[in-house]
>>> print(open('final_14.csv').read())   # CSV, C-alpha atoms
chain,number,residue,atom,x,y,z
A,26,MET,CA,-13.8,70.6,-25.3
A,27,GLU,CA,-13.2,67.8,-27.8
A,28,ASP,CA,-9.4,68.5,-27.4
A,29,LYS,CA,-9.6,68.2,-23.7
A,30,PHE,CA,-11.4,64.9,-24.0
A,31,LEU,CA,-8.9,63.6,-26.5
A,32,GLU,CA,-6.0,64.8,-24.3
A,33,SER,CA,-7.5,63.1,-21.2
A,34,PHE,CA,-8.1,60.0,-23.2
A,35,ALA,CA,-4.5,60.0,-24.4
A,36,TYR,CA,-3.3,60.3,-20.8
A,37,SER,CA,-5.7,57.6,-19.6
A,38,ILE,CA,-4.6,54.9,-22.1
A,39,PRO,CA,-1.0,54.5,-20.8
A,40,ALA,CA,-2.3,54.6,-17.2
A,41,ILE,CA,-4.9,51.8,-18.0
A,42,VAL,CA,-2.3,49.7,-19.9
A,43,THR,CA,0.1,50.2,-17.0
A,44,GLY,CA,-2.6,49.2,-14.5
A,45,LEU,CA,-3.5,46.1,-16.5
A,46,VAL,CA,0.1,45.0,-16.8
A,47,ALA,CA,0.7,45.6,-13.1
A,48,TYR,CA,-2.5,43.6,-12.3
A,49,TYR,CA,-1.3,40.8,-14.5
A,50,PHE,CA,2.1,40.6,-12.9
A,51,PHE,CA,0.8,40.9,-9.4
A,52,ASN,CA,-1.8,38.2,-10.0
A,53,SER,CA,0.8,35.9,-11.5
A,54,PHE,CA,3.1,36.6,-8.6
A,55,LEU,CA,0.3,35.7,-6.1
A,56,LYS,CA,-0.5,32.5,-8.0
A,57,GLN,CA,3.2,31.5,-8.1
A,58,GLY,CA,3.4,32.1,-4.3
A,59,ASN,CA,0.3,30.0,-3.7
A,60,LEU,CA,1.7,27.2,-5.9
A,61,GLU,CA,5.0,27.2,-4.0
A,62,LYS,CA,3.2,27.1,-0.7
A,63,LYS,CA,1.1,24.1,-1.9
A,64,ILE,CA,4.2,22.3,-3.1
A,65,ALA,CA,6.0,22.9,0.2
A,66,LEU,CA,2.9,21.6,2.1
A,67,LEU,CA,2.8,18.5,-0.1
A,68,ALA,CA,6.5,17.9,0.4
A,69,ALA,CA,6.1,18.2,4.2
A,70,LYS,CA,3.1,16.0,4.2
A,71,LYS,CA,4.9,13.4,2.1
A,72,LYS,CA,7.9,13.6,4.4
A,73,ASP,CA,5.6,12.8,7.4
A,74,SER,CA,3.6,10.1,5.7
A,75,LEU,CA,6.6,8.2,4.1
A,76,PRO,CA,7.7,6.5,7.4
A,77,LEU,CA,4.1,5.4,8.0
A,78,LYS,CA,3.8,3.9,4.6
A,79,LEU,CA,7.1,2.2,4.9
A,80,HIS,CA,6.1,0.8,8.2
A,81,ALA,CA,2.9,-0.5,6.8
A,82,TYR,CA,4.7,-2.3,3.9
A,83,GLU,CA,7.1,-3.8,6.5
A,84,ARG,CA,4.3,-5.1,8.5
A,85,MET,CA,2.6,-6.6,5.5
A,86,LEU,CA,5.8,-8.2,4.4
A,87,LEU,CA,6.2,-9.7,7.9
A,88,PHE,CA,2.6,-10.9,7.6
A,89,CYS,CA,3.4,-12.7,4.4
A,90,GLU,CA,6.4,-14.2,5.9
A,91,ARG,CA,4.4,-15.4,8.9
A,92,ILE,CA,1.7,-17.1,6.8
A,93,ASN,CA,4.2,-18.7,4.5
A,94,PRO,CA,3.1,-22.3,4.9
A,95,VAL,CA,6.5,-23.8,5.3
A,96,LYS,CA,7.6,-21.3,8.0
A,97,MET,CA,4.2,-21.5,9.7
A,98,LEU,CA,4.2,-25.3,10.0
A,99,LEU,CA,7.6,-25.2,11.5
A,100,ARG,CA,6.4,-22.6,14.0
A,101,ILE,CA,3.0,-24.2,14.8
A,102,GLU,CA,3.1,-27.8,15.9
A,103,PRO,CA,0.0,-30.0,16.1
A,104,ILE,CA,-1.5,-30.4,19.5
A,105,GLY,CA,-3.1,-33.8,18.7
A,106,ASN,CA,-3.5,-36.2,15.9
A,107,ASP,CA,-6.7,-34.7,14.5
A,108,LYS,CA,-6.0,-33.2,11.1
A,109,ASN,CA,-9.1,-30.9,11.2
A,110,GLU,CA,-8.1,-29.5,14.6
A,111,TYR,CA,-4.6,-28.8,13.3
A,112,LEU,CA,-6.0,-27.1,10.2
A,113,GLN,CA,-8.3,-25.0,12.3
A,114,LEU,CA,-5.3,-24.0,14.5
A,115,ILE,CA,-3.4,-22.9,11.4
A,116,LEU,CA,-6.3,-21.0,9.9
A,117,LYS,CA,-7.0,-19.3,13.2
A,118,ASN,CA,-3.3,-18.3,13.3
A,119,ILE,CA,-3.6,-16.9,9.8
A,120,GLU,CA,-6.7,-15.0,10.6
A,121,GLN,CA,-5.2,-13.5,13.8
A,122,GLU,CA,-2.2,-12.3,11.9
A,123,PHE,CA,-4.4,-10.8,9.3
A,124,GLN,CA,-6.7,-9.1,11.8
A,125,HIS,CA,-3.6,-7.7,13.6
A,126,ASN,CA,-2.4,-6.1,10.3
A,127,LEU,CA,-5.8,-5.1,8.8
A,128,VAL,CA,-5.4,-1.4,9.4
A,129,GLN,CA,-2.3,-1.3,7.3
A,130,GLN,CA,-4.4,-1.2,4.2
A,131,ILE,CA,-4.8,2.5,4.7
A,132,TYR,CA,-1.2,3.1,4.0
A,133,ILE,CA,-0.5,0.7,1.1
A,134,SER,CA,-1.8,0.8,-2.5
A,135,ASP,CA,-5.0,-1.0,-3.4
A,136,PRO,CA,-3.3,-3.3,-5.9
A,137,CYS,CA,-0.8,-4.3,-3.3
A,138,TRP,CA,-3.5,-5.0,-0.8
A,139,HIS,CA,-5.3,-7.2,-3.3
A,140,VAL,CA,-2.2,-9.2,-4.0
A,141,ILE,CA,-1.8,-9.7,-0.2
A,142,ILE,CA,-5.4,-10.8,0.1
A,143,ALA,CA,-5.0,-13.2,-2.9
A,144,SER,CA,-1.9,-14.6,-1.4
A,145,LYS,CA,-3.6,-15.2,2.0
A,146,ASN,CA,-6.6,-16.8,0.3
A,147,ALA,CA,-4.4,-19.0,-1.9
A,148,VAL,CA,-2.6,-20.3,1.2
A,149,ILE,CA,-5.9,-21.1,2.9
A,150,ASN,CA,-7.3,-22.8,-0.2
A,151,LYS,CA,-4.2,-24.9,-0.6
A,152,LEU,CA,-4.3,-25.9,3.1
A,153,ARG,CA,-7.9,-27.0,2.7
A,154,GLN,CA,-7.1,-29.0,-0.3
A,155,VAL,CA,-4.2,-30.8,1.3
A,156,VAL,CA,-6.3,-31.7,4.4
A,157,GLU,CA,-8.4,-33.9,2.2
A,158,THR,CA,-5.5,-36.1,1.3
A,159,SER,CA,-4.2,-36.4,4.9
A,160,ASN,CA,-5.1,-38.8,7.6
A,161,PHE,CA,-3.5,-37.3,10.7
A,162,ALA,CA,-2.1,-33.9,11.7
A,163,ASN,CA,1.4,-35.0,11.1
A,164,ASP,CA,0.4,-36.3,7.7
A,165,LEU,CA,-1.1,-32.9,6.9
A,166,ARG,CA,2.1,-31.2,8.0
A,167,GLU,CA,4.2,-33.5,5.8
A,168,ASN,CA,1.9,-33.2,2.8
A,169,ILE,CA,1.9,-29.4,3.0
A,170,LEU,CA,5.7,-29.3,3.3
A,171,LEU,CA,6.0,-31.7,0.3
A,172,ASP,CA,3.6,-29.7,-1.8
A,173,TYR,CA,5.4,-26.4,-1.1
A,174,SER,CA,8.8,-28.0,-1.8
A,175,LYS,CA,7.6,-28.3,-5.4
A,176,LEU,CA,5.7,-25.0,-5.6
A,177,VAL,CA,6.6,-21.4,-4.9
A,178,PRO,CA,4.4,-20.2,-2.1
A,179,PRO,CA,1.9,-17.4,-3.0
A,180,THR,CA,3.3,-15.4,-0.1
A,181,ASP,CA,6.6,-15.1,-2.1
A,182,THR,CA,4.7,-13.5,-4.9
A,183,ALA,CA,3.2,-11.0,-2.5
A,184,ILE,CA,6.6,-10.3,-1.0
A,185,ILE,CA,8.0,-9.5,-4.4
A,186,TYR,CA,5.1,-7.2,-5.1
A,187,ILE,CA,5.6,-5.4,-1.8
A,188,LYS,CA,9.3,-4.9,-2.5
A,189,GLU,CA,8.5,-3.4,-5.9
A,190,GLU,CA,6.0,-1.0,-4.3
A,191,VAL,CA,8.5,0.1,-1.7
A,192,LYS,CA,11.1,0.7,-4.5
A,193,LYS,CA,8.5,3.1,-6.1
A,194,LEU,CA,8.2,5.0,-2.9
A,195,LEU,CA,11.9,5.5,-2.5
>>> encode(input="final_14.csv", output="structure tokens")
Amino acid sequence: MEDKFLESFAYSIPAIVTGLVAYYFFNSFLKQGNLEKKIALLAAKKKDSLPLKLHAYERMLLFCERINPVKMLLRIEPIGNDKNEYLQLILKNIEQEFQHNLVQQIYISDPCWHVIIASKNAVINKLRQVVETSNFANDLRENILLDYSKLVPPTDTAIIYIKEEVKKLL
């Protein structure tokens, strides 16, 4: 009886080892297949989302161009002589542009979004500073143009940052 037990044990060991090896290879094969499927899904998802992201960066670059103080003052002329009314018109234009592009933050990185917000706020703060030294709307316009002929607009910094982000995507 002991011989039969040892004999069946001797036959069982190779079967158990073969079963464990087969299980290991089959399990590895399944994991590899799942990993390949996940990679393929991520690649497809990235392929679909890249145009959306690029469009968002394009829109935010356009936003920065549109709120560039020099370009904006050439586009928006004063209605009257009141400097405060002109400032409000400019600020309203900036806010409308911003609200129009607000949803783009979903598609761009947080650091890039913060740079764009900082740029917008810097433009607004500078406009509010310059209004104090101006008497009329045309004076405000001239003073802003003079100030930004000496400075690099904050929107240019944001545009450079956006371009760097897009390079990373591509």
>>> closest_residue(input="final_14.csv", among="A:Val95, A:Val148, A:Glu83, A:Ala65", to="Ser174 of chain A", atoms="all atoms listed in the file")
A:Val95
>>> closest_residue(input="final_14.csv", among="A:Pro39, A:Leu195, A:Asn109, A:Ile101", to="Lys72 of chain A", atoms="all atoms listed in the file")
A:Leu195
>>> residues_around(input="final_14.csv", residues="Asn93 of chain A", least_positions_apart="3", cutoff="7 Å", atoms="only C-alpha atoms", output="PyMOL selection string")
chain A and resi 89-90+96-97+178+180
>>> closest_residue(input="final_14.csv", among="A:Ile64, A:Leu86, A:Ile104, A:Val42", to="Asn163 of chain A", atoms="only C-alpha atoms")
A:Ile104
>>> closest_residue(input="final_14.csv", among="A:Gln124, A:Tyr82, A:Arg153, A:Asp107", to="Trp138 of chain A", atoms="only C-alpha atoms")
A:Tyr82
>>> atom_distance(input="final_14.csv", atom1="atom CA of Lys175 of chain A", atom2="atom CA of Lys117 of chain A")
25.3 Å
>>> residues_around(input="final_14.csv", residues="Arg166 of chain A", least_positions_apart="5", cutoff="10 Å", atoms="all atoms listed in the file", output="list in words")
Pro94, Val95, Leu98, Leu99, Ile101, Glu102, Pro103, Lys108, Tyr111, Leu112, Leu152, Val155, Val156, Ser159, Phe161 and Leu171 of chain A
>>> atom_distance(input="final_14.csv", atom1="atom CA of Ile131 of chain A", atom2="atom CA of Glu61 of chain A")
28.0 Å
>>> atom_distance(input="final_14.csv", atom1="atom CA of Val128 of chain A", atom2="atom CA of Lys71 of chain A")
19.5 Å
>>> closest_residue(input="final_14.csv", among="A:Met85, A:Leu194, A:Leu79, A:Leu55", to="Ile142 of chain A", atoms="only C-alpha atoms")
A:Met85
>>> residues_around(input="final_14.csv", residues="Glu120 of chain A", least_positions_apart="2", cutoff="12 Å", atoms="only C-alpha atoms", output="list in words")
Phe88, Arg91, Ile92, Gln113, Leu114, Ile115, Leu116, Lys117, Asn118, Glu122, Phe123, Gln124, His125, Asn126, Leu127, Ile142, Lys145, Asn146, Val148 and Ile149 of chain A
>>> closest_residue(input="final_14.csv", among="A:Lys151, A:Ser33, A:Asn52, A:His80", to="Leu170 of chain A", atoms="only C-alpha atoms")
A:Lys151
